[in-house]
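Structure file start.tsv; described as TSV, C-alpha atoms and all ligand atoms.
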chain	number	residue	atom	x	y	z
A	204	MET	CA	-42.70	32.41	23.86
A	205	HIS	CA	-43.14	32.46	20.10
A	206	ILE	CA	-41.16	29.83	18.17
A	207	GLY	CA	-40.66	29.59	14.40
A	208	ILE	CA	-39.96	26.33	12.62
A	209	LEU	CA	-38.69	25.77	9.09
A	210	THR	CA	-37.49	22.87	6.95
A	211	GLY	CA	-34.53	23.57	4.63
A	212	GLY	CA	-32.57	21.72	1.94
A	213	GLY	CA	-33.87	18.63	0.15
A	214	ASP	CA	-37.01	17.08	1.61
A	215	CYS	CA	-36.88	13.72	3.36
A	216	PRO	CA	-39.29	11.28	4.99
A	217	GLY	CA	-39.90	12.21	8.64
A	218	LEU	CA	-39.87	16.01	8.31
A	219	ASN	CA	-43.58	16.18	9.08
A	220	ALA	CA	-43.10	13.98	12.13
A	221	VAL	CA	-40.61	16.56	13.47
A	222	ILE	CA	-42.97	19.48	12.72
A	223	ARG	CA	-45.75	17.59	14.51
A	224	ALA	CA	-43.65	16.70	17.56
A	225	VAL	CA	-42.25	20.24	18.00
A	226	THR	CA	-45.73	21.76	17.66
A	227	LEU	CA	-47.44	19.29	20.01
A	228	ALA	CA	-44.71	19.41	22.65
A	229	LEU	CA	-44.60	23.23	22.76
A	230	HIS	CA	-48.39	23.49	22.68
A	231	ARG	CA	-48.75	20.98	25.51
A	232	GLU	CA	-46.49	23.05	27.71
A	233	GLY	CA	-48.84	25.96	26.99
A	234	ALA	CA	-45.76	28.11	26.99
A	235	ALA	CA	-45.22	28.69	23.33
A	236	ARG	CA	-46.91	29.70	20.11
A	237	VAL	CA	-45.55	28.02	16.98
A	238	THR	CA	-45.30	29.55	13.51
A	239	GLY	CA	-44.27	27.56	10.45
A	240	ILE	CA	-42.01	29.42	8.00
A	241	GLU	CA	-42.80	28.27	4.46
A	242	ARG	CA	-40.16	26.96	2.02
A	243	GLY	CA	-37.21	27.13	4.38
A	244	PHE	CA	-35.20	30.33	4.72
A	245	HIS	CA	-36.87	31.54	1.53
A	246	GLY	CA	-40.02	32.13	3.61
A	247	LEU	CA	-38.11	34.66	5.74
A	248	LEU	CA	-37.39	36.64	2.54
A	249	THR	CA	-40.82	36.22	0.95
A	250	ARG	CA	-42.58	36.74	4.31
A	251	ARG	CA	-44.52	33.51	4.14
A	252	ALA	CA	-45.46	31.99	7.48
A	253	ARG	CA	-48.50	30.42	9.11
A	254	PRO	CA	-49.53	29.46	12.64
A	255	LEU	CA	-49.24	25.81	13.62
A	256	GLY	CA	-51.31	24.07	16.26
A	257	PRO	CA	-52.51	20.57	17.16
A	258	ASP	CA	-55.18	20.69	14.44
A	259	SER	CA	-52.80	21.61	11.64
A	260	VAL	CA	-50.39	18.77	12.50
A	261	ALA	CA	-53.03	16.14	13.32
A	262	ASP	CA	-52.69	14.01	10.19
A	263	ILE	CA	-49.11	14.51	9.05
A	264	LEU	CA	-47.04	11.91	10.96
A	265	ALA	CA	-46.99	9.36	8.14
A	266	VAL	CA	-46.93	11.82	5.25
A	267	GLY	CA	-43.73	12.14	3.18
A	268	GLY	CA	-42.15	15.47	2.20
A	269	THR	CA	-42.76	18.57	4.31
A	270	VAL	CA	-46.06	20.37	4.74
A	271	LEU	CA	-44.12	23.61	5.18
A	272	GLY	CA	-42.36	23.20	1.84
A	273	THR	CA	-38.63	23.62	1.41
A	274	HIS	CA	-36.06	25.33	-0.77
A	275	ASN	CA	-32.71	23.81	-1.50
A	276	THR	CA	-30.97	26.79	-3.06
A	277	CYS	CA	-31.95	29.70	-0.82
A	278	ASN	CA	-29.23	31.28	1.30
A	279	PRO	CA	-30.27	34.71	2.69
A	280	PHE	CA	-26.57	35.51	3.27
A	281	LYS	CA	-25.75	35.01	-0.44
A	282	ASP	CA	-28.95	35.33	-2.40
A	283	GLY	CA	-29.49	34.05	-5.95
A	284	ALA	CA	-27.58	35.32	-8.94
A	285	THR	CA	-26.54	38.62	-7.33
A	286	GLY	CA	-25.03	37.00	-4.23
A	287	ALA	CA	-26.50	39.83	-2.13
A	288	ASP	CA	-26.63	39.53	1.65
A	289	ARG	CA	-30.36	39.73	2.48
A	290	SER	CA	-30.07	38.50	6.05
A	291	ALA	CA	-31.15	41.93	7.40
A	292	GLU	CA	-34.46	41.59	5.49
A	293	ALA	CA	-34.94	38.14	6.96
A	294	MET	CA	-34.25	39.47	10.46
A	295	ASP	CA	-36.79	42.27	9.91
A	296	PHE	CA	-39.45	39.62	9.25
A	297	VAL	CA	-38.32	37.64	12.30
A	298	ARG	CA	-38.78	40.77	14.46
A	299	GLU	CA	-42.13	41.56	12.83
A	300	LEU	CA	-43.37	38.06	13.64
A	301	GLY	CA	-42.01	38.47	17.15
A	302	LEU	CA	-40.09	35.17	17.12
A	303	ASP	CA	-38.09	34.37	20.22
A	304	ALA	CA	-36.30	31.43	18.63
A	305	LEU	CA	-36.18	29.30	15.49
A	306	VAL	CA	-36.14	25.52	15.10
A	307	ALA	CA	-34.26	24.82	11.83
A	308	VAL	CA	-34.69	21.30	10.45
A	309	GLY	CA	-32.19	20.48	7.73
A	310	GLY	CA	-28.85	19.16	6.59
A	311	ASP	CA	-25.36	20.65	6.70
A	312	GLY	CA	-26.29	23.68	4.54
A	313	THR	CA	-29.29	24.53	6.74
A	314	MET	CA	-27.20	24.13	9.92
A	315	ALA	CA	-24.54	26.48	8.51
A	316	ILE	CA	-27.14	29.16	7.67
A	317	ALA	CA	-28.91	28.69	11.02
A	318	HIS	CA	-25.59	29.16	12.77
A	319	ARG	CA	-25.09	32.50	10.97
A	320	PHE	CA	-28.57	33.69	12.04
A	321	GLU	CA	-27.71	32.74	15.60
A	322	LYS	CA	-24.72	35.11	15.37
A	323	LEU	CA	-27.14	37.88	14.27
A	324	GLY	CA	-29.12	37.38	17.46
A	325	LEU	CA	-31.79	34.85	16.48
A	326	PRO	CA	-31.60	31.96	18.95
A	327	VAL	CA	-31.63	28.68	17.02
A	328	VAL	CA	-32.09	24.97	17.70
A	329	GLY	CA	-31.14	22.60	14.86
A	330	VAL	CA	-32.66	19.24	13.98
A	331	PRO	CA	-30.53	17.09	11.64
A	332	LYS	CA	-32.19	15.83	8.49
A	333	THR	CA	-30.79	14.10	5.45
A	334	ILE	CA	-31.41	10.79	3.78
A	335	ASP	CA	-27.62	10.66	3.31
A	336	ASN	CA	-26.99	10.11	7.07
A	337	ASP	CA	-23.82	12.17	6.74
A	338	LEU	CA	-24.07	14.78	9.50
A	339	PRO	CA	-21.38	14.63	12.18
A	340	HIS	CA	-22.04	13.83	15.86
A	341	THR	CA	-25.31	11.98	15.20
A	342	GLU	CA	-25.32	8.27	14.49
A	343	ARG	CA	-28.52	8.53	12.49
A	344	THR	CA	-30.49	11.18	10.68
A	345	PHE	CA	-34.16	10.48	10.06
A	346	GLY	CA	-35.03	9.76	6.42
A	347	PHE	CA	-32.02	7.49	6.03
A	348	ASP	CA	-33.84	4.34	7.13
A	349	SER	CA	-36.65	5.08	4.66
A	350	ALA	CA	-34.14	5.60	1.83
A	351	VAL	CA	-32.32	2.36	2.67
A	352	ALA	CA	-35.66	0.49	2.63
A	353	VAL	CA	-36.36	1.81	-0.88
A	354	VAL	CA	-32.89	0.76	-2.09
A	355	ALA	CA	-33.23	-2.70	-0.53
A	356	GLU	CA	-36.60	-3.25	-2.17
A	357	ALA	CA	-35.30	-2.01	-5.53
A	358	LEU	CA	-32.33	-4.40	-5.30
A	359	ASP	CA	-34.66	-7.30	-4.43
A	360	ARG	CA	-36.58	-6.55	-7.62
A	361	LEU	CA	-33.48	-6.01	-9.76
A	362	ALA	CA	-31.98	-9.26	-8.47
A	363	THR	CA	-34.84	-11.48	-9.65
A	364	THR	CA	-35.07	-9.95	-13.11
A	365	GLY	CA	-31.26	-9.84	-13.37
A	366	ARG	CA	-30.98	-13.53	-12.43
A	367	SER	CA	-33.72	-14.50	-14.88
A	368	HIS	CA	-31.86	-12.87	-17.78
A	369	GLY	CA	-28.32	-13.52	-16.60
A	370	ARG	CA	-27.55	-9.81	-16.61
A	371	VAL	CA	-25.28	-7.44	-14.74
A	372	MET	CA	-27.67	-5.07	-12.97
A	373	ILE	CA	-26.45	-1.70	-11.68
A	374	ALA	CA	-28.52	0.37	-9.23
A	375	GLU	CA	-27.42	3.96	-8.64
A	376	THR	CA	-28.34	5.43	-5.26
A	377	MET	CA	-28.13	8.93	-3.79
A	378	GLY	CA	-25.18	9.88	-1.61
A	379	ARG	CA	-22.92	12.64	-2.84
A	380	TYR	CA	-19.88	12.47	-0.66
A	381	ALA	CA	-20.84	9.72	1.80
A	382	GLY	CA	-21.74	6.17	0.81
A	383	TRP	CA	-24.04	5.25	3.71
A	384	ILE	CA	-27.15	4.71	1.56
A	385	ALA	CA	-25.34	2.53	-0.98
A	386	LEU	CA	-23.53	0.61	1.76
A	387	GLU	CA	-26.54	-0.18	3.96
A	388	GLY	CA	-28.97	-0.44	1.02
A	389	GLY	CA	-26.52	-2.71	-0.79
A	390	LEU	CA	-26.07	-4.92	2.27
A	391	ALA	CA	-29.82	-5.14	2.88
A	392	GLY	CA	-30.52	-5.85	-0.79
A	393	GLY	CA	-27.84	-8.50	-1.27
A	394	ALA	CA	-25.60	-6.60	-3.72
A	395	ASP	CA	-22.51	-8.44	-4.99
A	396	ALA	CA	-20.52	-5.21	-5.26
A	397	ILE	CA	-21.00	-1.90	-3.44
A	398	LEU	CA	-19.26	1.19	-4.79
A	399	ILE	CA	-19.08	4.19	-2.47
A	400	PRO	CA	-17.45	7.64	-2.75
A	401	GLU	CA	-15.00	6.90	0.07
A	402	VAL	CA	-13.33	4.03	-1.83
A	403	PRO	CA	-12.48	4.87	-5.47
A	404	PHE	CA	-13.18	1.86	-7.68
A	405	ASP	CA	-11.39	0.21	-10.59
A	406	ALA	CA	-13.85	-0.54	-13.42
A	407	PHE	CA	-11.59	-3.33	-14.75
A	408	ALA	CA	-11.68	-5.03	-11.36
A	409	VAL	CA	-15.50	-4.72	-11.37
A	410	ALA	CA	-15.52	-6.29	-14.86
A	411	SER	CA	-13.35	-9.16	-13.68
A	412	LEU	CA	-15.74	-9.77	-10.76
A	413	CYS	CA	-18.64	-9.93	-13.26
A	414	ARG	CA	-16.72	-12.34	-15.50
A	415	GLN	CA	-15.87	-14.63	-12.59
A	416	ARG	CA	-19.55	-14.74	-11.71
A	417	GLU	CA	-20.51	-15.36	-15.35
A	418	GLU	CA	-18.19	-18.38	-15.35
A	419	GLN	CA	-20.13	-19.72	-12.37
A	420	GLY	CA	-23.42	-19.04	-14.17
A	421	LEU	CA	-24.27	-16.14	-11.88
A	422	SER	CA	-25.69	-12.70	-12.59
A	423	THR	CA	-24.19	-9.68	-10.78
A	424	LEU	CA	-25.92	-6.98	-8.76
A	425	ILE	CA	-23.97	-3.74	-8.28
A	426	CYS	CA	-25.06	-0.94	-5.94
A	427	ILE	CA	-23.26	2.31	-6.70
A	428	ALA	CA	-23.58	5.68	-4.94
A	429	GLU	CA	-23.98	8.71	-7.20
A	430	GLY	CA	-20.79	10.15	-5.68
A	431	ALA	CA	-18.69	7.02	-6.32
A	432	HIS	CA	-15.88	7.53	-8.81
A	433	ALA	CA	-13.21	5.52	-10.52
A	434	ARG	CA	-9.70	5.93	-9.18
A	435	GLY	CA	-8.16	9.15	-10.48
A	436	GLN	CA	-11.48	10.42	-11.84
A	437	GLY	CA	-13.85	13.09	-10.58
A	438	LEU	CA	-17.54	13.08	-9.72
A	439	THR	CA	-20.18	12.49	-12.43
A	440	VAL	CA	-21.96	15.84	-12.51
A	441	HIS	CA	-25.20	15.96	-14.46
A	442	ALA	CA	-26.11	19.62	-13.82
A	443	THR	CA	-24.78	22.73	-12.13
A	444	ILE	CA	-27.08	25.15	-10.32
A	445	PRO	CA	-24.88	28.22	-9.79
A	446	ASP	CA	-27.07	29.85	-7.08
A	447	SER	CA	-27.17	26.76	-4.88
A	448	PRO	CA	-24.98	26.46	-1.73
A	449	ASP	CA	-23.71	23.15	-3.20
A	450	PRO	CA	-24.05	23.88	-6.93
A	451	ILE	CA	-23.39	20.44	-8.39
A	452	ARG	CA	-26.11	17.86	-9.03
A	453	LEU	CA	-24.75	14.34	-9.39
A	454	GLY	CA	-26.13	11.48	-11.44
A	455	GLY	CA	-25.04	9.16	-14.21
A	456	VAL	CA	-22.09	7.28	-12.72
A	457	GLY	CA	-24.11	4.02	-13.01
A	458	HIS	CA	-24.59	4.52	-16.75
A	459	ALA	CA	-20.94	5.55	-17.16
A	460	LEU	CA	-19.89	2.31	-15.44
A	461	GLN	CA	-22.27	0.36	-17.69
A	462	HIS	CA	-20.54	1.76	-20.80
A	463	VAL	CA	-17.11	0.76	-19.51
A	464	LEU	CA	-18.26	-2.70	-18.38
A	465	GLN	CA	-20.32	-3.69	-21.41
A	466	PRO	CA	-17.45	-4.45	-23.82
A	467	LEU	CA	-15.58	-6.32	-21.06
A	468	VAL	CA	-18.29	-8.83	-20.07
A	469	GLN	CA	-20.48	-11.40	-21.85
A	470	SER	CA	-23.77	-10.50	-20.19
A	471	GLU	CA	-25.94	-7.54	-20.97
A	472	VAL	CA	-25.40	-4.69	-18.46
A	473	ARG	CA	-28.40	-2.60	-17.39
A	474	THR	CA	-28.63	0.41	-15.09
A	475	THR	CA	-31.45	1.76	-12.92
A	476	LEU	CA	-31.21	5.25	-11.42
A	477	LEU	CA	-33.20	5.20	-8.17
A	478	GLY	CA	-33.10	9.00	-7.84
A	479	HIS	CA	-35.83	10.75	-5.92
A	480	THR	CA	-37.80	7.54	-5.24
A	481	GLN	CA	-35.36	7.27	-2.31
A	482	ARG	CA	-36.49	10.59	-0.87
A	483	GLY	CA	-40.22	10.60	-1.48
A	484	GLY	CA	-43.02	8.65	0.18
A	485	PRO	CA	-43.89	7.87	3.79
A	486	PRO	CA	-41.26	7.43	6.49
A	487	THR	CA	-40.57	3.98	7.92
A	488	ALA	CA	-41.66	3.32	11.51
A	489	PHE	CA	-38.03	3.78	12.61
A	490	ASP	CA	-37.88	7.24	10.99
A	491	ARG	CA	-41.25	8.27	12.44
A	492	ILE	CA	-40.00	7.41	15.91
A	493	LEU	CA	-36.57	9.03	15.47
A	494	ALA	CA	-38.13	12.20	13.99
A	495	THR	CA	-40.64	12.35	16.85
A	496	ARG	CA	-37.87	11.98	19.43
A	497	PHE	CA	-35.78	14.66	17.69
A	498	GLY	CA	-38.77	17.02	17.54
A	499	TYR	CA	-39.56	16.52	21.21
A	500	HIS	CA	-35.92	17.00	22.18
A	501	ALA	CA	-35.74	20.21	20.11
A	502	ALA	CA	-38.80	21.52	21.99
A	503	GLU	CA	-37.11	20.67	25.29
A	504	LEU	CA	-34.00	22.62	24.24
A	505	VAL	CA	-36.17	25.59	23.28
A	506	LEU	CA	-38.06	25.53	26.58
A	507	GLY	CA	-34.77	25.25	28.46
A	508	ARG	CA	-33.40	28.14	26.35
A	509	ARG	CA	-30.47	25.93	25.36
A	510	TYR	CA	-29.85	27.57	22.00
A	511	GLY	CA	-27.10	27.20	19.42
A	512	ARG	CA	-27.39	23.44	19.59
A	513	MET	CA	-28.36	20.62	17.25
A	514	VAL	CA	-30.23	17.53	18.40
A	515	ALA	CA	-28.29	14.30	17.87
A	516	LEU	CA	-28.60	10.56	18.43
A	517	GLN	CA	-25.71	8.97	20.28
A	518	GLY	CA	-26.22	5.36	21.25
A	519	ASP	CA	-29.81	5.19	22.44
A	520	ALA	CA	-29.85	8.74	23.76
A	521	CYS	CA	-31.04	12.00	22.26
A	522	VAL	CA	-28.36	14.55	23.10
A	523	SER	CA	-27.38	17.91	21.67
A	524	VAL	CA	-24.16	19.25	20.19
A	525	ALA	CA	-23.02	22.82	19.50
A	526	LEU	CA	-24.09	24.01	16.03
A	527	ASP	CA	-20.60	25.23	15.22
A	528	GLU	CA	-19.31	21.68	15.64
A	529	VAL	CA	-21.67	20.53	12.89
A	530	ALA	CA	-22.08	23.40	10.43
A	531	GLY	CA	-20.61	22.63	7.01
A	532	LYS	CA	-19.15	19.24	8.04
A	533	THR	CA	-19.78	15.80	6.51
A	534	ARG	CA	-19.62	12.38	8.17
A	535	LEU	CA	-18.10	9.92	5.71
A	536	VAL	CA	-18.06	6.13	5.99
A	537	PRO	CA	-14.85	5.34	7.94
A	538	LEU	CA	-12.69	2.88	6.03
A	539	ASP	CA	-12.48	0.65	9.10
A	540	HIS	CA	-16.24	0.65	9.72
A	541	PRO	CA	-17.48	-2.75	10.99
A	542	MET	CA	-20.15	-2.81	8.27
A	543	LEU	CA	-17.47	-2.67	5.58
A	544	LYS	CA	-15.61	-5.46	7.35
A	545	ALA	CA	-18.75	-7.61	7.55
A	546	ALA	CA	-19.58	-6.99	3.88
A	547	ARG	CA	-16.09	-7.98	2.76
A	548	GLY	CA	-16.10	-10.88	5.21
A	549	ILE	CA	-19.03	-12.47	3.37
A	550	GLY	CA	-17.50	-11.87	-0.05
A	551	ILE	CA	-19.19	-8.62	-1.09
A	552	SER	CA	-16.77	-6.42	-2.98
A	553	VAL	CA	-16.78	-2.94	-1.48
A	554	GLY	CA	-14.86	-0.47	-3.61
A	555	VAL	CA	-13.48	-3.24	-5.88
A	556	ALA	CA	-9.84	-2.30	-6.08
A	557	GLY	CA	-7.67	-3.51	-8.95
A	601	LIG	O1	-28.48	15.69	0.23
A	601	LIG	C1	-29.48	14.78	-0.01
A	601	LIG	C2	-29.56	14.41	-1.44
A	601	LIG	O2	-30.54	13.46	-1.44
A	601	LIG	C3	-28.26	13.91	-2.09
A	601	LIG	O3	-27.98	12.57	-1.83
A	601	LIG	C4	-28.53	14.18	-3.54
A	601	LIG	O4	-27.35	14.35	-4.26
A	601	LIG	C5	-29.31	15.44	-3.49
A	601	LIG	O5	-30.01	15.46	-2.27
A	601	LIG	C6	-30.27	15.61	-4.64
A	601	LIG	O6	-30.94	16.79	-4.49
A	601	LIG	P1	-31.88	17.45	-5.58
A	601	LIG	O7	-33.26	17.33	-5.06
A	601	LIG	O8	-31.42	18.84	-5.69
A	601	LIG	O9	-31.70	16.67	-6.85
How would this structure read if it were set down as structure tokens?
Amino acid sequence: MHIGILTGGGDCPGLNAVIRAVTLALHREGAARVTGIERGFHGLLTRRARPLGPDSVADILAVGGTVLGTHNTCNPFKDGATGADRSAEAMDFVRELGLDALVAVGGDGTMAIAHRFEKLGLPVVGVPKTIDNDLPHTERTFGFDSAVAVVAEALDRLATTGRSHGRVMIAETMGRYAGWIALEGGLAGGADAILIPEVPFDAFAVASLCRQREEQGLSTLICIAEGAHARGQGLTVHATIPDSPDPIRLGGVGHALQHVLQPLVQSEVRTTLLGHTQRGGPPTAFDRILATRFGYHAAELVLGRRYGRMVALQGDACVSVALDEVAGKTRLVPLDHPMLKAARGIGISVGVAG
């Protein structure tokens, strides 16, 4: 057997642990050769691939990013500015390499593209990746724990400087449509208010929370997801990349909130955009283990010729779900999630309604 592996979409801590586990597991069985496709699906169009073996994955477990590189705008079915369908070219390269199957590691966009290749006759196994933790049918994606750890540490730091100066400190996290990073990061970092995309907020209610705390001599720490928005308002888009499968790039809602809050409160309001610090750097131990389990499970699916499936974590078990149940879908924070209940139960404002 000859298996290809690629990493698509934004990078995230733990990708290398998956590449390592897939390569080692398939090599150990002696049944399969592994080829790494470089820069995601783009490598199928640019014909960039290299063999992977135990030596090439020996030192990558703890390394952030992806040694194969990635590409977050390439879609061979709708390429670049022309929108041309170049999937036939990609399939030519697949046949030239002699691949029997492809392991595609990525988020919802990657799963959707992988699913389309499967329909063209390339057997595929998917491995879910996103720091946003927003893929359906899996309770966790690797990379999320690492991102939450970065947010928690940032909030710890913002809290002490914020308290010292009596300021309102706003930290903006990633999370376009789902607020998992802001919710868990905010809980772990002791935020006083957590603003997530699923619950539109009222800036005047946030201001009144800050004023109440000022009256008690307290500073305020706000954790806001980039996709959070005030009631009746849209997303804060900072750039549009027309060729990308999801063309909008978010960012700036923290600063926008700062401008609304500042005239309404006594304290100085300051904003920190955590941005790509949440995605870079080494994976946590949890993510290394989850990524290793996912990689091993993907290899098992390949060896069992159980294609068209994505690895998932349900409870303690690694299972698999059909790719078409996942492709293009997003797992939002349910409004009755126990974590929301616990946060509100200890007085953290989630959503801050008017
Ligand atoms: O999908 C993961 C994610 O981290 C989002 O939370 C964020 O909006 C996006 O990637 C940022 O991607 P880029 O690297 O294109 O700025």
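The shortest atom-to-atom distance to Ala410 of chain A, with all atoms listed in the file taken into account, belongs to A:Ala396 out of A:Ile551, A:Gly435, A:Ala396, A:Gly388.
For the pair atom CA of Gly246 of chain A and atom CA of Ile208 of chain A, the interatomic distance is 10.7 Å.
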Padding 6 Å on each side, edges along x, y and z: where is the centre of the box around the listed atoms of ligand LIG 601 (chain A), and how long are its edges in Å to one decimal? Output it as AutoDock Vina command-line options.
--center_x -30.3 --center_y 15.7 --center_z -3.3 --size_x 17.9 --size_y 18.3 --size_z 19.1
Notebook entry, point to check: Could you pull the residues within 9 Å of segment 419-431 of chain A, counting all atoms listed in the file, minus those fewer than 5 positions along the same chain, as a count of residues only?
Noted result: 55
Residues around (-35.8, 10.9, 5.8), cut-off 8 Å, counting all atoms listed in the file - what are they as a compact mmCIF listing (two decimals) with C-alpha atoms, keeping the file's coordinate frame?
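Listed below is the output, result-v6.txt:
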# COMPACT_ATOMS: atom_id res chain seq x y z
CA ASP A 214 -37.01 17.08 1.61
CA CYS A 215 -36.88 13.72 3.36
CA PRO A 216 -39.29 11.28 4.99
CA GLY A 217 -39.90 12.21 8.64
CA LEU A 218 -39.87 16.01 8.31
CA LYS A 332 -32.19 15.83 8.49
CA THR A 333 -30.79 14.10 5.45
CA ILE A 334 -31.41 10.79 3.78
CA THR A 344 -30.49 11.18 10.68
CA PHE A 345 -34.16 10.48 10.06
CA GLY A 346 -35.03 9.76 6.42
CA PHE A 347 -32.02 7.49 6.03
CA ASP A 348 -33.84 4.34 7.13
CA SER A 349 -36.65 5.08 4.66
CA ALA A 350 -34.14 5.60 1.83
CA ARG A 482 -36.49 10.59 -0.87
CA PRO A 486 -41.26 7.43 6.49
CA ASP A 490 -37.88 7.24 10.99
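Each of A:Glu418, A:Asp359, A:Asp337, A:Asp282 was checked against Pro537 of chain A using all atoms listed in the file; the smallest atom-to-atom distance is that of A:Asp337.
Going from atom CA of Met513 of chain A over to atom CA of Thr443 of chain A, you cover 29.7 Å.
If you measure from each of A:Met294, A:Cys277, A:Val522, A:Ala406 to ligand LIG 601 (chain A) using all atoms listed in the file, the closest one turns out to be A:Cys277.
Around Ser447 of chain A, within 8 Å and counting all atoms listed in the file, the residues found are Asn275, Thr276, Cys277, Asn278, Gly283, Ile444, Pro445, Asp449 and Pro450 of chain A, once anything fewer than 2 positions away on its own chain is removed.
Remark: for Thr273 of chain A, the closest of the candidate residues A:Leu209, A:Ala261, A:Leu543, A:Val221 is A:Leu209 (distances computed over only C-alpha atoms).
The nearest approach to ligand LIG 601 (chain A) among the residues A:Asn336, A:Thr285, A:Thr363, A:Gln517, with only C-alpha atoms and all ligand atoms taken into account, belongs to A:Asn336.
Each of A:Ala228, A:Ala284, A:Ile451, A:Ala352 was compared to ligand LIG 601 (chain A) using only C-alpha atoms and all ligand atoms, and A:Ile451 turns out to be the nearest.
Atom CA of Gly272 of chain A is found 20.7 Å from atom CA of Tyr499 of chain A.
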Notebook entry, point to check: Which residues, written as a list of chain:residue names, have at least one atom at most 8 Å from His205 of chain A, with all atoms listed in the file counted and residues fewer than 6 positions away on the same chain left out?
Noted result: A:Ala235, A:Arg236, A:Val237, A:Thr238, A:Gly301, A:Leu302, A:Asp303, A:Ala304
